[in-house]
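K.L.:
Dropping in start_5.cif, which is mmCIF, N, CA and C atoms:
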```cif
data_model
loop_
_atom_site.label_atom_id
_atom_site.label_comp_id
_atom_site.auth_asym_id
_atom_site.auth_seq_id
_atom_site.Cartn_x
_atom_site.Cartn_y
_atom_site.Cartn_z
N VAL A 219 110.15 41.28 -53.11
CA VAL A 219 110.06 42.66 -52.65
C VAL A 219 110.33 42.73 -51.14
N LEU A 220 109.76 41.77 -50.40
CA LEU A 220 109.98 41.77 -48.95
C LEU A 220 111.45 41.55 -48.61
N GLY A 221 112.07 40.60 -49.30
CA GLY A 221 113.47 40.32 -49.04
C GLY A 221 114.37 41.49 -49.38
N VAL A 222 114.12 42.13 -50.50
CA VAL A 222 114.91 43.30 -50.90
C VAL A 222 114.71 44.43 -49.89
N GLY A 223 113.48 44.63 -49.46
CA GLY A 223 113.22 45.66 -48.46
C GLY A 223 113.97 45.40 -47.16
N ALA A 224 114.01 44.14 -46.75
CA ALA A 224 114.73 43.79 -45.53
C ALA A 224 116.22 44.03 -45.68
N VAL A 225 116.76 43.66 -46.83
CA VAL A 225 118.19 43.88 -47.08
C VAL A 225 118.51 45.36 -47.09
N VAL A 226 117.71 46.15 -47.80
CA VAL A 226 117.94 47.60 -47.87
C VAL A 226 117.84 48.22 -46.47
N GLY A 227 116.85 47.80 -45.70
CA GLY A 227 116.72 48.31 -44.33
C GLY A 227 117.94 48.02 -43.49
N CYS A 228 118.48 46.81 -43.60
CA CYS A 228 119.68 46.45 -42.84
C CYS A 228 120.90 47.24 -43.32
N LEU A 229 120.98 47.49 -44.63
CA LEU A 229 122.09 48.29 -45.15
C LEU A 229 122.00 49.73 -44.69
N VAL A 230 120.79 50.28 -44.63
CA VAL A 230 120.60 51.67 -44.21
C VAL A 230 121.08 51.86 -42.77
N VAL A 231 120.78 50.90 -41.90
CA VAL A 231 121.19 51.03 -40.50
C VAL A 231 122.59 50.44 -40.26
N ARG A 232 123.27 50.10 -41.35
CA ARG A 232 124.66 49.60 -41.30
C ARG A 232 124.80 48.37 -40.40
N TRP A 233 124.03 47.37 -40.75
CA TRP A 233 124.03 46.12 -40.01
C TRP A 233 124.39 44.98 -40.95
N PRO A 234 125.67 44.85 -41.33
CA PRO A 234 126.06 43.88 -42.35
C PRO A 234 125.78 42.42 -41.96
N ARG A 235 125.93 42.11 -40.70
CA ARG A 235 125.66 40.73 -40.28
C ARG A 235 124.18 40.39 -40.48
N ALA A 236 123.32 41.38 -40.30
CA ALA A 236 121.88 41.16 -40.50
C ALA A 236 121.57 40.95 -41.98
N VAL A 237 122.30 41.65 -42.86
CA VAL A 237 122.10 41.44 -44.30
C VAL A 237 122.41 39.99 -44.66
N VAL A 238 123.50 39.48 -44.12
CA VAL A 238 123.87 38.09 -44.38
C VAL A 238 122.81 37.14 -43.84
N LEU A 239 122.24 37.46 -42.69
CA LEU A 239 121.20 36.61 -42.12
C LEU A 239 119.92 36.66 -42.95
N VAL A 240 119.54 37.83 -43.42
CA VAL A 240 118.33 37.93 -44.25
C VAL A 240 118.51 37.09 -45.51
N VAL A 241 119.61 37.31 -46.21
CA VAL A 241 119.84 36.58 -47.46
C VAL A 241 120.07 35.09 -47.20
N GLY A 242 120.93 34.80 -46.24
CA GLY A 242 121.24 33.40 -45.94
C GLY A 242 120.09 32.64 -45.35
N GLY A 243 119.41 33.23 -44.37
CA GLY A 243 118.30 32.53 -43.71
C GLY A 243 117.15 32.25 -44.65
N ALA A 244 116.73 33.27 -45.39
CA ALA A 244 115.62 33.08 -46.33
C ALA A 244 116.06 32.21 -47.50
N GLY A 245 117.25 32.47 -48.04
CA GLY A 245 117.73 31.70 -49.19
C GLY A 245 117.93 30.24 -48.88
N LEU A 246 118.55 29.95 -47.75
CA LEU A 246 118.77 28.55 -47.38
C LEU A 246 117.47 27.85 -47.03
N SER A 247 116.51 28.58 -46.47
CA SER A 247 115.21 27.97 -46.17
C SER A 247 114.51 27.54 -47.46
N VAL A 248 114.49 28.43 -48.43
CA VAL A 248 113.86 28.10 -49.72
C VAL A 248 114.66 27.01 -50.43
N GLY A 249 115.99 27.11 -50.38
CA GLY A 249 116.82 26.08 -50.99
C GLY A 249 116.58 24.71 -50.36
N ALA A 250 116.43 24.69 -49.05
CA ALA A 250 116.15 23.42 -48.37
C ALA A 250 114.81 22.84 -48.81
N THR A 251 113.81 23.70 -48.99
CA THR A 251 112.52 23.18 -49.44
C THR A 251 112.62 22.59 -50.84
N MET A 252 113.46 23.18 -51.68
CA MET A 252 113.62 22.64 -53.04
C MET A 252 114.26 21.26 -53.01
N VAL A 253 115.24 21.09 -52.15
CA VAL A 253 115.88 19.78 -52.02
C VAL A 253 114.90 18.76 -51.47
N ILE A 254 114.18 19.15 -50.41
CA ILE A 254 113.22 18.24 -49.79
C ILE A 254 112.10 17.89 -50.77
N LYS A 255 111.65 18.86 -51.57
CA LYS A 255 110.61 18.59 -52.57
C LYS A 255 111.02 17.47 -53.51
N SER A 256 112.27 17.53 -53.98
CA SER A 256 112.72 16.50 -54.92
C SER A 256 112.84 15.14 -54.24
N LEU A 257 113.15 15.14 -52.96
CA LEU A 257 113.24 13.88 -52.22
C LEU A 257 111.86 13.33 -51.86
N ALA A 258 110.95 14.21 -51.45
CA ALA A 258 109.62 13.77 -51.02
C ALA A 258 108.77 13.35 -52.22
N GLY A 259 108.84 14.12 -53.29
CA GLY A 259 108.11 13.77 -54.50
C GLY A 259 106.61 13.94 -54.46
N ARG A 260 106.07 14.59 -53.45
CA ARG A 260 104.62 14.81 -53.39
C ARG A 260 104.22 15.88 -54.40
N THR A 261 103.15 15.61 -55.12
CA THR A 261 102.72 16.54 -56.16
C THR A 261 101.29 17.00 -55.93
N ILE A 262 100.95 18.09 -56.61
CA ILE A 262 99.61 18.64 -56.59
C ILE A 262 99.34 19.23 -57.98
N HIS A 263 98.13 19.17 -58.43
CA HIS A 263 97.71 19.78 -59.70
C HIS A 263 98.59 19.39 -60.89
N GLY A 264 98.59 18.12 -61.18
CA GLY A 264 99.26 17.68 -62.39
C GLY A 264 100.76 17.62 -62.35
N GLY A 265 101.31 17.30 -61.22
CA GLY A 265 102.74 17.05 -61.17
C GLY A 265 103.61 18.12 -60.57
N HIS A 266 103.06 19.19 -60.06
CA HIS A 266 103.87 20.23 -59.42
C HIS A 266 104.27 19.77 -58.02
N LEU A 267 105.56 19.79 -57.74
CA LEU A 267 106.04 19.39 -56.42
C LEU A 267 105.49 20.34 -55.37
N SER A 268 105.01 19.76 -54.27
CA SER A 268 104.31 20.61 -53.30
C SER A 268 104.85 20.56 -51.88
N TYR A 269 105.54 19.50 -51.50
CA TYR A 269 105.97 19.37 -50.10
C TYR A 269 107.46 19.54 -49.99
N PRO A 270 107.89 20.46 -49.15
CA PRO A 270 107.23 21.47 -48.33
C PRO A 270 107.04 22.77 -49.12
N SER A 271 106.22 23.65 -48.58
CA SER A 271 105.91 24.91 -49.24
C SER A 271 107.08 25.90 -49.12
N GLY A 272 107.65 26.27 -50.26
CA GLY A 272 108.72 27.26 -50.27
C GLY A 272 108.23 28.65 -49.91
N HIS A 273 106.99 28.98 -50.30
CA HIS A 273 106.42 30.28 -49.96
C HIS A 273 106.29 30.43 -48.45
N THR A 274 105.79 29.39 -47.81
CA THR A 274 105.63 29.44 -46.35
C THR A 274 106.99 29.50 -45.67
N ALA A 275 107.94 28.73 -46.16
CA ALA A 275 109.28 28.76 -45.58
C ALA A 275 109.90 30.14 -45.71
N PHE A 276 109.72 30.79 -46.88
CA PHE A 276 110.30 32.11 -47.11
C PHE A 276 109.73 33.16 -46.15
N LEU A 277 108.40 33.23 -46.07
CA LEU A 277 107.80 34.26 -45.21
C LEU A 277 108.10 33.98 -43.74
N THR A 278 108.07 32.71 -43.35
CA THR A 278 108.42 32.37 -41.97
C THR A 278 109.87 32.74 -41.68
N ALA A 279 110.76 32.49 -42.63
CA ALA A 279 112.17 32.82 -42.45
C ALA A 279 112.36 34.32 -42.28
N LEU A 280 111.69 35.12 -43.12
CA LEU A 280 111.81 36.57 -42.97
C LEU A 280 111.27 37.04 -41.63
N ALA A 281 110.16 36.47 -41.19
CA ALA A 281 109.60 36.85 -39.89
C ALA A 281 110.55 36.45 -38.76
N LEU A 282 111.14 35.28 -38.86
CA LEU A 282 112.10 34.84 -37.85
C LEU A 282 113.31 35.77 -37.80
N VAL A 283 113.84 36.10 -38.96
CA VAL A 283 114.99 37.00 -39.01
C VAL A 283 114.65 38.35 -38.39
N GLY A 284 113.51 38.91 -38.78
CA GLY A 284 113.09 40.19 -38.21
C GLY A 284 112.92 40.13 -36.70
N ALA A 285 112.31 39.06 -36.23
CA ALA A 285 112.12 38.91 -34.78
C ALA A 285 113.45 38.71 -34.06
N LEU A 286 114.34 37.90 -34.63
CA LEU A 286 115.64 37.70 -34.01
C LEU A 286 116.43 39.01 -33.93
N LEU A 287 116.36 39.80 -35.00
CA LEU A 287 117.06 41.08 -34.99
C LEU A 287 116.44 42.05 -33.98
N ALA A 288 115.12 42.06 -33.88
CA ALA A 288 114.45 42.93 -32.91
C ALA A 288 114.80 42.53 -31.48
N VAL A 289 114.80 41.24 -31.23
CA VAL A 289 115.12 40.74 -29.89
C VAL A 289 116.56 41.09 -29.54
N GLY A 290 117.47 40.89 -30.49
CA GLY A 290 118.87 41.21 -30.24
C GLY A 290 119.11 42.69 -30.04
N ARG A 291 118.38 43.50 -30.77
CA ARG A 291 118.56 44.95 -30.70
C ARG A 291 117.96 45.55 -29.43
N ARG A 292 116.82 45.02 -29.04
CA ARG A 292 116.08 45.59 -27.90
C ARG A 292 116.47 44.99 -26.56
N GLY A 293 117.17 43.88 -26.55
CA GLY A 293 117.61 43.28 -25.29
C GLY A 293 116.49 42.68 -24.47
N PHE A 294 115.56 42.01 -25.12
CA PHE A 294 114.49 41.33 -24.39
C PHE A 294 115.07 40.25 -23.48
N SER A 295 114.31 39.90 -22.46
CA SER A 295 114.73 38.76 -21.64
C SER A 295 114.65 37.50 -22.49
N ARG A 296 115.28 36.45 -22.05
CA ARG A 296 115.32 35.20 -22.81
C ARG A 296 113.91 34.68 -23.09
N THR A 297 113.06 34.69 -22.07
CA THR A 297 111.69 34.18 -22.22
C THR A 297 110.87 35.07 -23.15
N HIS A 298 110.91 36.37 -22.95
CA HIS A 298 110.14 37.28 -23.79
C HIS A 298 110.66 37.26 -25.23
N GLY A 299 111.95 37.17 -25.39
CA GLY A 299 112.53 37.10 -26.73
C GLY A 299 112.09 35.84 -27.46
N LEU A 300 112.13 34.72 -26.78
CA LEU A 300 111.69 33.46 -27.38
C LEU A 300 110.22 33.52 -27.76
N LEU A 301 109.41 34.08 -26.89
CA LEU A 301 107.98 34.21 -27.20
C LEU A 301 107.74 35.10 -28.41
N LEU A 302 108.47 36.19 -28.52
CA LEU A 302 108.33 37.08 -29.67
C LEU A 302 108.75 36.38 -30.96
N VAL A 303 109.86 35.69 -30.93
CA VAL A 303 110.35 34.99 -32.12
C VAL A 303 109.36 33.92 -32.55
N LEU A 304 108.87 33.13 -31.61
CA LEU A 304 107.92 32.07 -31.95
C LEU A 304 106.58 32.64 -32.42
N ALA A 305 106.15 33.73 -31.81
CA ALA A 305 104.88 34.35 -32.24
C ALA A 305 105.00 34.89 -33.65
N ALA A 306 106.13 35.52 -33.97
CA ALA A 306 106.33 36.05 -35.32
C ALA A 306 106.33 34.92 -36.34
N ALA A 307 107.00 33.83 -36.01
CA ALA A 307 107.03 32.67 -36.93
C ALA A 307 105.65 32.07 -37.09
N LEU A 308 104.91 31.98 -36.01
CA LEU A 308 103.56 31.40 -36.07
C LEU A 308 102.62 32.26 -36.91
N VAL A 309 102.64 33.56 -36.69
CA VAL A 309 101.75 34.46 -37.43
C VAL A 309 102.09 34.45 -38.92
N ALA A 310 103.37 34.58 -39.24
CA ALA A 310 103.77 34.61 -40.65
C ALA A 310 103.48 33.28 -41.33
N GLY A 311 103.83 32.19 -40.67
CA GLY A 311 103.58 30.87 -41.24
C GLY A 311 102.10 30.58 -41.41
N ALA A 312 101.30 30.97 -40.43
CA ALA A 312 99.86 30.75 -40.52
C ALA A 312 99.24 31.58 -41.62
N ALA A 313 99.68 32.83 -41.76
CA ALA A 313 99.12 33.69 -42.81
C ALA A 313 99.45 33.16 -44.20
N MET A 314 100.71 32.84 -44.43
CA MET A 314 101.09 32.33 -45.75
C MET A 314 100.51 30.94 -45.97
N GLY A 315 100.51 30.13 -44.93
CA GLY A 315 99.95 28.79 -45.06
C GLY A 315 98.48 28.81 -45.40
N TRP A 316 97.74 29.67 -44.72
CA TRP A 316 96.31 29.78 -45.01
C TRP A 316 96.10 30.20 -46.46
N ALA A 317 96.87 31.18 -46.91
CA ALA A 317 96.72 31.66 -48.29
C ALA A 317 97.04 30.55 -49.30
N GLN A 318 98.08 29.80 -49.05
CA GLN A 318 98.47 28.74 -49.98
C GLN A 318 97.43 27.62 -50.04
N VAL A 319 96.87 27.26 -48.90
CA VAL A 319 95.84 26.23 -48.86
C VAL A 319 94.54 26.76 -49.48
N ALA A 320 94.18 27.99 -49.15
CA ALA A 320 92.95 28.58 -49.70
C ALA A 320 93.02 28.69 -51.22
N LEU A 321 94.20 28.98 -51.75
CA LEU A 321 94.36 29.07 -53.20
C LEU A 321 94.42 27.69 -53.87
N GLY A 322 94.55 26.66 -53.06
CA GLY A 322 94.66 25.31 -53.60
C GLY A 322 96.05 24.97 -54.10
N ALA A 323 97.03 25.78 -53.74
CA ALA A 323 98.41 25.56 -54.20
C ALA A 323 99.14 24.51 -53.36
N HIS A 324 98.67 24.29 -52.14
CA HIS A 324 99.34 23.36 -51.24
C HIS A 324 98.32 22.64 -50.36
N TYR A 325 98.75 21.49 -49.88
CA TYR A 325 98.01 20.79 -48.84
C TYR A 325 98.42 21.38 -47.49
N PRO A 326 97.59 21.23 -46.45
CA PRO A 326 97.97 21.77 -45.14
C PRO A 326 99.31 21.23 -44.63
N THR A 327 99.61 19.98 -44.88
CA THR A 327 100.90 19.45 -44.41
C THR A 327 102.08 20.03 -45.18
N ASP A 328 101.85 20.50 -46.40
CA ASP A 328 102.91 21.16 -47.15
C ASP A 328 103.35 22.44 -46.45
N VAL A 329 102.38 23.23 -46.02
CA VAL A 329 102.71 24.49 -45.37
C VAL A 329 103.32 24.25 -43.99
N LEU A 330 102.88 23.20 -43.31
CA LEU A 330 103.50 22.84 -42.04
C LEU A 330 104.96 22.45 -42.25
N GLY A 331 105.22 21.72 -43.32
CA GLY A 331 106.60 21.35 -43.64
C GLY A 331 107.46 22.56 -43.96
N GLY A 332 106.91 23.53 -44.69
CA GLY A 332 107.66 24.75 -44.99
C GLY A 332 107.95 25.56 -43.74
N TRP A 333 106.96 25.62 -42.85
CA TRP A 333 107.13 26.34 -41.59
C TRP A 333 108.23 25.69 -40.75
N CYS A 334 108.19 24.37 -40.65
CA CYS A 334 109.20 23.66 -39.87
C CYS A 334 110.59 23.78 -40.49
N THR A 335 110.65 23.81 -41.81
CA THR A 335 111.94 23.98 -42.48
C THR A 335 112.58 25.31 -42.08
N ALA A 336 111.81 26.38 -42.11
CA ALA A 336 112.34 27.69 -41.71
C ALA A 336 112.74 27.69 -40.24
N LEU A 337 111.94 27.03 -39.40
CA LEU A 337 112.27 26.98 -37.96
C LEU A 337 113.57 26.24 -37.71
N ALA A 338 113.93 25.33 -38.58
CA ALA A 338 115.19 24.60 -38.43
C ALA A 338 116.36 25.36 -39.05
N VAL A 339 116.14 25.94 -40.22
CA VAL A 339 117.24 26.52 -40.99
C VAL A 339 117.68 27.89 -40.46
N VAL A 340 116.74 28.76 -40.14
CA VAL A 340 117.11 30.14 -39.77
C VAL A 340 117.96 30.20 -38.49
N PRO A 341 117.56 29.54 -37.40
CA PRO A 341 118.44 29.60 -36.20
C PRO A 341 119.81 28.99 -36.45
N ALA A 342 119.88 27.91 -37.22
CA ALA A 342 121.18 27.31 -37.54
C ALA A 342 122.03 28.27 -38.37
N THR A 343 121.40 28.94 -39.31
CA THR A 343 122.11 29.93 -40.13
C THR A 343 122.61 31.09 -39.27
N ALA A 344 121.77 31.57 -38.37
CA ALA A 344 122.17 32.67 -37.48
C ALA A 344 123.36 32.26 -36.62
N TRP A 345 123.33 31.05 -36.12
CA TRP A 345 124.43 30.54 -35.29
C TRP A 345 125.72 30.48 -36.11
N LEU A 346 125.65 29.96 -37.33
CA LEU A 346 126.84 29.85 -38.18
C LEU A 346 127.39 31.23 -38.55
N ILE A 347 126.51 32.17 -38.82
CA ILE A 347 126.95 33.54 -39.15
C ILE A 347 127.66 34.16 -37.95
N ASP A 348 127.08 34.02 -36.77
CA ASP A 348 127.71 34.56 -35.56
C ASP A 348 129.06 33.89 -35.30
N LEU A 349 129.12 32.59 -35.48
CA LEU A 349 130.37 31.85 -35.28
C LEU A 349 131.45 32.34 -36.23
N ALA A 350 131.10 32.48 -37.52
CA ALA A 350 132.07 32.94 -38.51
C ALA A 350 132.50 34.38 -38.23
N ALA A 351 131.55 35.25 -37.90
CA ALA A 351 131.87 36.66 -37.63
C ALA A 351 132.76 36.78 -36.39
N ASP A 352 132.47 36.00 -35.37
CA ASP A 352 133.29 36.04 -34.15
C ASP A 352 134.71 35.55 -34.42
N ARG A 353 134.84 34.51 -35.22
CA ARG A 353 136.17 34.00 -35.55
C ARG A 353 136.97 35.01 -36.38
N MET A 354 136.28 35.67 -37.31
CA MET A 354 136.96 36.69 -38.11
C MET A 354 137.39 37.86 -37.23
N ALA A 355 136.56 38.24 -36.27
CA ALA A 355 136.91 39.33 -35.35
C ALA A 355 138.09 38.93 -34.48
N ASP A 356 138.11 37.69 -34.01
CA ASP A 356 139.23 37.20 -33.19
C ASP A 356 140.52 37.20 -34.01
N ALA A 357 140.44 36.76 -35.25
CA ALA A 357 141.63 36.73 -36.10
C ALA A 357 142.14 38.14 -36.37
N GLY A 358 141.23 39.08 -36.59
CA GLY A 358 141.63 40.46 -36.79
C GLY A 358 142.26 41.06 -35.56
N GLN A 359 141.73 40.70 -34.39
CA GLN A 359 142.27 41.19 -33.12
C GLN A 359 143.68 40.65 -32.91
N ARG A 360 143.93 39.37 -33.24
CA ARG A 360 145.25 38.78 -33.06
C ARG A 360 146.26 39.42 -34.00
N GLN A 361 145.83 39.81 -35.20
CA GLN A 361 146.77 40.43 -36.16
C GLN A 361 147.16 41.83 -35.71
N ARG A 362 146.30 42.52 -35.00
CA ARG A 362 146.62 43.88 -34.55
C ARG A 362 147.56 43.88 -33.37
N THR A 363 147.61 42.80 -32.61
CA THR A 363 148.48 42.78 -31.41
C THR A 363 149.82 42.19 -31.68
#
```
As C-alpha cells, what does this structure read like?
P.N.:
Amino acid sequence: VLGVGAVVGCLVVRWPRAVVLVVGGAGLSVGATMVIKSLAGRTIHGGHLSYPSGHTAFLTALALVGALLAVGRRGFSRTHGLLLVLAAALVAGAAMGWAQVALGAHYPTDVLGGWCTALAVVPATAWLIDLAADRMADAGQRQRT
C-alpha cells in the first residue's frame, strides 16, 4: 500500500523519474535481501530465512526515496539534505526493525542488515536512474540539432 501510494503520488505530480526510483529503489532493495538471504542461510522459527530483513529494507528504501525527493525538490544545502536523508532512513529502519524484533520475526542483526542493504541499494539506484535519464536527454538533444 505504501509503495503504491508513493507511485501514485509521483504520477499525480508528473515526476516520472521519481516513479522509477520508488519502484526501482524499493524493488531492488527487497530483491537484494532475497539474494543475500539465500547466500547467508540464517533461519528463524523452523527454517524461515531471516537475514537480512526484507521488511526493514523496504520501509527504509521508501523513506530514503521520499527524503531524496524532498531534498531535491526543496533545494536543501548539502549538509542539511544529508542529515534529512539519514534521519529518515534511521527513523524508518528503527521503527520497522523494532516491530520485526518485537514480533519475533527477526533477530536484531537481521534488521540491521536490511537497513544497510537499503542504504547501499537506493543511492546506487538513484545514481543509475539519473545517469540513464541524462544520457537519454543528451541523445534526444543531439537528434534535434
K.L.:
What is the atom C of Val329 of chain A to atom N of Ala236 of chain A distance in Å?
P.N.:
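Interatomic distance, atom C of Val329 of chain A to atom N of Ala236 of chain A: 26.6 Å.
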K.L.:
For Ser247 of chain A, work out the shell of residues within 10 Å, counting only C-alpha atoms and skipping chain neighbours fewer than 6 positions away, then give it as a PDB file with N, CA and C atoms, in the frame of the given file.
P.N.:
```
ATOM      1  N   VAL A 241     119.610  37.310 -46.210  1.00  0.00           N
ATOM      2  CA  VAL A 241     119.840  36.580 -47.460  1.00  0.00           C
ATOM      3  C   VAL A 241     120.070  35.090 -47.200  1.00  0.00           C
ATOM      4  N   GLY A 272     107.650  26.270 -50.260  1.00  0.00           N
ATOM      5  CA  GLY A 272     108.720  27.260 -50.270  1.00  0.00           C
ATOM      6  C   GLY A 272     108.230  28.650 -49.910  1.00  0.00           C
ATOM      7  N   HIS A 273     106.990  28.980 -50.300  1.00  0.00           N
ATOM      8  CA  HIS A 273     106.420  30.280 -49.960  1.00  0.00           C
ATOM      9  C   HIS A 273     106.290  30.430 -48.450  1.00  0.00           C
ATOM     10  N   THR A 274     105.790  29.390 -47.810  1.00  0.00           N
ATOM     11  CA  THR A 274     105.630  29.440 -46.350  1.00  0.00           C
ATOM     12  C   THR A 274     106.990  29.500 -45.670  1.00  0.00           C
ATOM     13  N   ALA A 275     107.940  28.730 -46.160  1.00  0.00           N
ATOM     14  CA  ALA A 275     109.280  28.760 -45.580  1.00  0.00           C
ATOM     15  C   ALA A 275     109.900  30.140 -45.710  1.00  0.00           C
ATOM     16  N   PHE A 276     109.720  30.790 -46.880  1.00  0.00           N
ATOM     17  CA  PHE A 276     110.300  32.110 -47.110  1.00  0.00           C
ATOM     18  C   PHE A 276     109.730  33.160 -46.150  1.00  0.00           C
ATOM     19  N   LEU A 277     108.400  33.230 -46.070  1.00  0.00           N
ATOM     20  CA  LEU A 277     107.800  34.260 -45.210  1.00  0.00           C
ATOM     21  C   LEU A 277     108.100  33.980 -43.740  1.00  0.00           C
ATOM     22  N   THR A 278     108.070  32.710 -43.350  1.00  0.00           N
ATOM     23  CA  THR A 278     108.420  32.370 -41.970  1.00  0.00           C
ATOM     24  C   THR A 278     109.870  32.740 -41.680  1.00  0.00           C
ATOM     25  N   ALA A 279     110.760  32.490 -42.630  1.00  0.00           N
ATOM     26  CA  ALA A 279     112.170  32.820 -42.450  1.00  0.00           C
ATOM     27  C   ALA A 279     112.360  34.320 -42.280  1.00  0.00           C
ATOM     28  N   LEU A 280     111.690  35.120 -43.120  1.00  0.00           N
ATOM     29  CA  LEU A 280     111.810  36.570 -42.970  1.00  0.00           C
ATOM     30  C   LEU A 280     111.270  37.040 -41.630  1.00  0.00           C
ATOM     31  N   GLY A 332     106.910  23.530 -44.690  1.00  0.00           N
ATOM     32  CA  GLY A 332     107.660  24.750 -44.990  1.00  0.00           C
ATOM     33  C   GLY A 332     107.950  25.560 -43.740  1.00  0.00           C
ATOM     34  N   TRP A 333     106.960  25.620 -42.850  1.00  0.00           N
ATOM     35  CA  TRP A 333     107.130  26.340 -41.590  1.00  0.00           C
ATOM     36  C   TRP A 333     108.230  25.690 -40.750  1.00  0.00           C
ATOM     37  N   CYS A 334     108.190  24.370 -40.650  1.00  0.00           N
ATOM     38  CA  CYS A 334     109.200  23.660 -39.870  1.00  0.00           C
ATOM     39  C   CYS A 334     110.590  23.780 -40.490  1.00  0.00           C
ATOM     40  N   THR A 335     110.650  23.810 -41.810  1.00  0.00           N
ATOM     41  CA  THR A 335     111.940  23.980 -42.480  1.00  0.00           C
ATOM     42  C   THR A 335     112.580  25.310 -42.080  1.00  0.00           C
ATOM     43  N   ALA A 336     111.810  26.380 -42.110  1.00  0.00           N
ATOM     44  CA  ALA A 336     112.340  27.690 -41.710  1.00  0.00           C
ATOM     45  C   ALA A 336     112.740  27.690 -40.240  1.00  0.00           C
ATOM     46  N   LEU A 337     111.940  27.030 -39.400  1.00  0.00           N
ATOM     47  CA  LEU A 337     112.270  26.980 -37.960  1.00  0.00           C
ATOM     48  C   LEU A 337     113.570  26.240 -37.710  1.00  0.00           C
ATOM     49  N   ALA A 338     113.930  25.330 -38.580  1.00  0.00           N
ATOM     50  CA  ALA A 338     115.190  24.600 -38.430  1.00  0.00           C
ATOM     51  C   ALA A 338     116.360  25.360 -39.050  1.00  0.00           C
ATOM     52  N   VAL A 339     116.140  25.940 -40.220  1.00  0.00           N
ATOM     53  CA  VAL A 339     117.240  26.520 -40.990  1.00  0.00           C
ATOM     54  C   VAL A 339     117.680  27.890 -40.460  1.00  0.00           C
ATOM     55  N   VAL A 340     116.740  28.760 -40.140  1.00  0.00           N
ATOM     56  CA  VAL A 340     117.110  30.140 -39.770  1.00  0.00           C
ATOM     57  C   VAL A 340     117.960  30.200 -38.490  1.00  0.00           C
ATOM     58  N   THR A 343     121.400  28.940 -39.310  1.00  0.00           N
ATOM     59  CA  THR A 343     122.110  29.930 -40.130  1.00  0.00           C
ATOM     60  C   THR A 343     122.610  31.090 -39.270  1.00  0.00           C
TER      61      THR A 343
END
```
K.L.:
Starting from the displayed file, determine the output of the PyMOL selection byres (((chain A and resi 328 and name CA) around 10) and name CA) and express the residue list as a list in words.
P.N.:
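On this input, the PyMOL selection byres (((chain A and resi 328 and name CA) around 10) and name CA) captures Lys255, Arg260, Leu267, Ser268, Tyr269, Pro270, Ser271, Gly272, Thr274, Gly315, Gln318, Val319, Ala323, His324, Tyr325, Pro326, Thr327, Val329, Leu330, Gly331, Gly332, Trp333 and Cys334 of chain A.
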K.L.:
Got a sec to tell me which of chain A DSSP assigns to strand (DSSP E), as a PyMOL selection string?
P.N.:
chain A and resi 261-262+266-267
K.L.:
Can you work out which one of A:Trp345, A:Ala285, A:Arg360, A:Leu229 has the shortest atom-to-atom distance to Leu302 of chain A, counting all atoms listed in the file?
P.N.:
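Once distances to Leu302 of chain A are computed over all atoms listed in the file, the minimum belongs to A:Ala285.
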K.L.:
The PyMOL selection byres (((chain A and resi 287 and name CA) around 10) and name CA) - which residues does that actually catch in the file I just gave you? List them as a VMD selection string.
P.N.:
chain A and resid 228 233 236 239 to 240 281 to 286 288 to 293 303
K.L.:
Mind giving me the straight-line distance from atom CA of Gly221 of chain A to atom CA of Pro234 of chain A in Å, one decimal?
P.N.:
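Value for the atom CA of Gly221 of chain A-atom CA of Pro234 of chain A distance: 14.7 Å.
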K.L.:
Can you give me N, CA, C and O atoms for segment 307-315 of chain A, written as a PDB file, keeping the file's coordinate frame?
P.N.:
```
ATOM      1  N   ALA A 307     107.000  33.830 -36.010  1.00  0.00           N
ATOM      2  CA  ALA A 307     107.030  32.670 -36.930  1.00  0.00           C
ATOM      3  C   ALA A 307     105.650  32.070 -37.090  1.00  0.00           C
ATOM      4  O   ALA A 307     105.253  31.695 -38.201  1.00  0.00           O
ATOM      5  N   LEU A 308     104.910  31.980 -36.010  1.00  0.00           N
ATOM      6  CA  LEU A 308     103.560  31.400 -36.070  1.00  0.00           C
ATOM      7  C   LEU A 308     102.620  32.260 -36.910  1.00  0.00           C
ATOM      8  O   LEU A 308     101.903  31.746 -37.772  1.00  0.00           O
ATOM      9  N   VAL A 309     102.640  33.560 -36.690  1.00  0.00           N
ATOM     10  CA  VAL A 309     101.750  34.460 -37.430  1.00  0.00           C
ATOM     11  C   VAL A 309     102.090  34.450 -38.920  1.00  0.00           C
ATOM     12  O   VAL A 309     101.205  34.315 -39.774  1.00  0.00           O
ATOM     13  N   ALA A 310     103.370  34.580 -39.240  1.00  0.00           N
ATOM     14  CA  ALA A 310     103.770  34.610 -40.650  1.00  0.00           C
ATOM     15  C   ALA A 310     103.480  33.280 -41.330  1.00  0.00           C
ATOM     16  O   ALA A 310     102.931  33.238 -42.442  1.00  0.00           O
ATOM     17  N   GLY A 311     103.830  32.190 -40.670  1.00  0.00           N
ATOM     18  CA  GLY A 311     103.580  30.870 -41.240  1.00  0.00           C
ATOM     19  C   GLY A 311     102.100  30.580 -41.410  1.00  0.00           C
ATOM     20  O   GLY A 311     101.675  30.016 -42.426  1.00  0.00           O
ATOM     21  N   ALA A 312     101.300  30.970 -40.430  1.00  0.00           N
ATOM     22  CA  ALA A 312      99.860  30.750 -40.520  1.00  0.00           C
ATOM     23  C   ALA A 312      99.240  31.580 -41.620  1.00  0.00           C
ATOM     24  O   ALA A 312      98.381  31.100 -42.376  1.00  0.00           O
ATOM     25  N   ALA A 313      99.680  32.830 -41.760  1.00  0.00           N
ATOM     26  CA  ALA A 313      99.120  33.690 -42.810  1.00  0.00           C
ATOM     27  C   ALA A 313      99.450  33.160 -44.200  1.00  0.00           C
ATOM     28  O   ALA A 313      98.556  33.027 -45.053  1.00  0.00           O
ATOM     29  N   MET A 314     100.710  32.840 -44.430  1.00  0.00           N
ATOM     30  CA  MET A 314     101.090  32.330 -45.750  1.00  0.00           C
ATOM     31  C   MET A 314     100.510  30.940 -45.970  1.00  0.00           C
ATOM     32  O   MET A 314     100.051  30.618 -47.070  1.00  0.00           O
ATOM     33  N   GLY A 315     100.510  30.130 -44.930  1.00  0.00           N
ATOM     34  CA  GLY A 315      99.950  28.790 -45.060  1.00  0.00           C
ATOM     35  C   GLY A 315      98.480  28.810 -45.400  1.00  0.00           C
ATOM     36  O   GLY A 315      98.008  28.072 -46.277  1.00  0.00           O
TER      37      GLY A 315
END
```
